[in-house]
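Structure record follows, encoded as structure tokens.
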Amino acid sequence: MDRLFPWFLLKGHFRSLSIRTDTEHRQNWPVTLLVYGAPFVALVIYWALDANLSMPVVIQRSGPVLTAVALLAGGTLTAFTHISTLRLKLTERADSSELPVEGESLDGEASDRAMVDEVATHLLMASLFSTLTALVLILGMNFAAGEPGLDEIRGPMAWIINALLIFDATLYWIAIPRIYLAYVELNKVDPRMAGNASGY
């Protein structure tokens, strides 16, 4: 069943939204609720706008939106390939030496690997849901189109697509800064050239 329903990825992503320090590992509930709750809040708002205020949510020019989502899904998989290669190098470095790199503890090595693991999880989750968004867009273009001759999607299908787009955007919003942080930490970027990357 795991081939059809990737619960393990969803569970892994949920766990990645945590606070990890040398002394504790706990769920970051404000971030977790924001990531998973924002799409559902958006659905309620869309329903209220349509039902109570007669302000229907409409996706205009759904074709370009579909193209953008498909490009994001493919680009995210490419980024994941590079991240997985980096993770393999970190694993090989940890396996090939019993001693830490000069000036770095074994705990620091583990922290680096965990950071890359989190980035990889965000990227895979973003790619999966970008693909799902593209599929729902295709269904909407076929079954929830507006007036003939108009490239638009209306009704509950438009609500769902917009909620998925919000979730996708949130995943990218998290993943891209984490990629930057991983780059800064792993390459020991000069603090004068890096942002405030302290903490994890």
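Naming scheme: A, B, ... for chains in displayed order of the structure tokens; residues 1 onward per chain; ligands 1 onward as shown.
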Enumerate, in order of chain and increasing residue number, the residues of range 38-103 of chain A with an atom no farther than 7 Å from range 119-126 of chain A, each with its shortest atom pair and distance in Å to one decimal, counting only C-alpha atoms, as JSON lines.
```
{"residue": "A:Thr76", "atom": "CA", "partner": "A:Leu123", "partner_atom": "CA", "distance": 5.9}
{"residue": "A:Leu77", "atom": "CA", "partner": "A:Leu124", "partner_atom": "CA", "distance": 6.9}
{"residue": "A:Phe80", "atom": "CA", "partner": "A:Ala120", "partner_atom": "CA", "distance": 5.9}
{"residue": "A:Ile83", "atom": "CA", "partner": "A:Ala120", "partner_atom": "CA", "distance": 6.4}
```
Write the residues you've just listed into a file as an mmCIF file, in the first residue's frame, and include N, CA, C and O atoms for each of them.
```cif
data_model
loop_
_atom_site.group_PDB
_atom_site.id
_atom_site.type_symbol
_atom_site.label_atom_id
_atom_site.label_comp_id
_atom_site.auth_asym_id
_atom_site.auth_seq_id
_atom_site.Cartn_x
_atom_site.Cartn_y
_atom_site.Cartn_z
ATOM 1 N N THR A 76 12.103 20.908 -8.961
ATOM 2 C CA THR A 76 12.307 20.465 -7.587
ATOM 3 C C THR A 76 12.963 19.095 -7.541
ATOM 4 O O THR A 76 13.830 18.831 -6.705
ATOM 5 N N LEU A 77 12.564 18.215 -8.450
ATOM 6 C CA LEU A 77 13.205 16.894 -8.507
ATOM 7 C C LEU A 77 14.685 17.017 -8.880
ATOM 8 O O LEU A 77 15.528 16.275 -8.362
ATOM 9 N N PHE A 80 16.464 18.069 -5.838
ATOM 10 C CA PHE A 80 16.585 16.933 -4.915
ATOM 11 C C PHE A 80 17.737 16.022 -5.316
ATOM 12 O O PHE A 80 18.441 15.485 -4.443
ATOM 13 N N ILE A 83 20.823 17.538 -3.940
ATOM 14 C CA ILE A 83 20.851 17.421 -2.488
ATOM 15 C C ILE A 83 21.183 15.989 -2.065
ATOM 16 O O ILE A 83 21.958 15.773 -1.118
#
```
* Show which residues sit within 12 Å of Pro177 in chain A, as a list in words. Count only C-alpha atoms, and ignore same-chain residues fewer than 2 positions away. =>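 The filter keeps Met115, Glu118, Val119, His122, Leu123, Thr170, Leu171, Tyr172, Trp173, Ile174, Ala175, Ile179, Tyr180, Leu181, Ala182, Tyr183, Val184, Gly195, Asn196, Ala197 and Tyr200 of chain A.
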* To do: Within range 2-192 of chain A, find each residue whose DSSP state, derived from the backbone, is strand (DSSP E), and express the selection as a PyMOL selection string.
  => chain A and resi 18-20+25-27+59-60+152-153
Using only C-alpha atoms, I'd like a table of the residues in range 142-190 of chain A that come within 12 Å of range 52-56 of chain A; for each, show the closest atom pair and its distance in Å rounded to one decimal, ordered by chain and ascending number, as a tab-separated table.
```
residue	atom	partner	partner_atom	distance
A:Gly146	CA	A:Pro56	CA	11.6
A:Ile153	CA	A:Pro56	CA	10.6
A:Arg154	CA	A:Pro56	CA	7.5
A:Gly155	CA	A:Pro56	CA	7.3
A:Pro156	CA	A:Pro56	CA	9.5
A:Met157	CA	A:Pro56	CA	11.5
A:Ala158	CA	A:Pro56	CA	9.2
A:Trp159	CA	A:Pro56	CA	9.2
```
* To do: From a DSSP pass on the backbone, collect the residues of range 1-87 of chain A flagged as helix (DSSP H, G or I) and hand them back as an MDAnalysis selection string.
  => chainID A and resid 7:16 29:52 62:87
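Separating CA of Ser16 in chain A from CA of Met193 in chain A is a distance of 27.5 Å.
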* Find the distance between CA of Val189 in chain A and CA of Leu17 in chain A and write it in Å to one decimal. => 24.8 Å
Contact check, range 114-174 of chain A to range 31-44 of chain A, at most 7 Å, counting only C-alpha atoms, closest pairs as a Markdown table:
```
| residue | atom | partner | partner_atom | distance |
| --- | --- | --- | --- | --- |
| A:Trp159 | CA | A:Leu43 | CA | 6.0 |
| A:Ile160 | CA | A:Leu43 | CA | 6.9 |
| A:Ala163 | CA | A:Pro39 | CA | 4.5 |
| A:Leu164 | CA | A:Pro39 | CA | 6.6 |
| A:Ile166 | CA | A:Pro39 | CA | 6.1 |
| A:Phe167 | CA | A:Pro39 | CA | 5.9 |
| A:Thr170 | CA | A:Val35 | CA | 6.4 |
```
* Record the distance separating CA of Phe14 in chain A and CA of Asn28 in chain A, expressed in Å with one decimal. => 9.6 Å
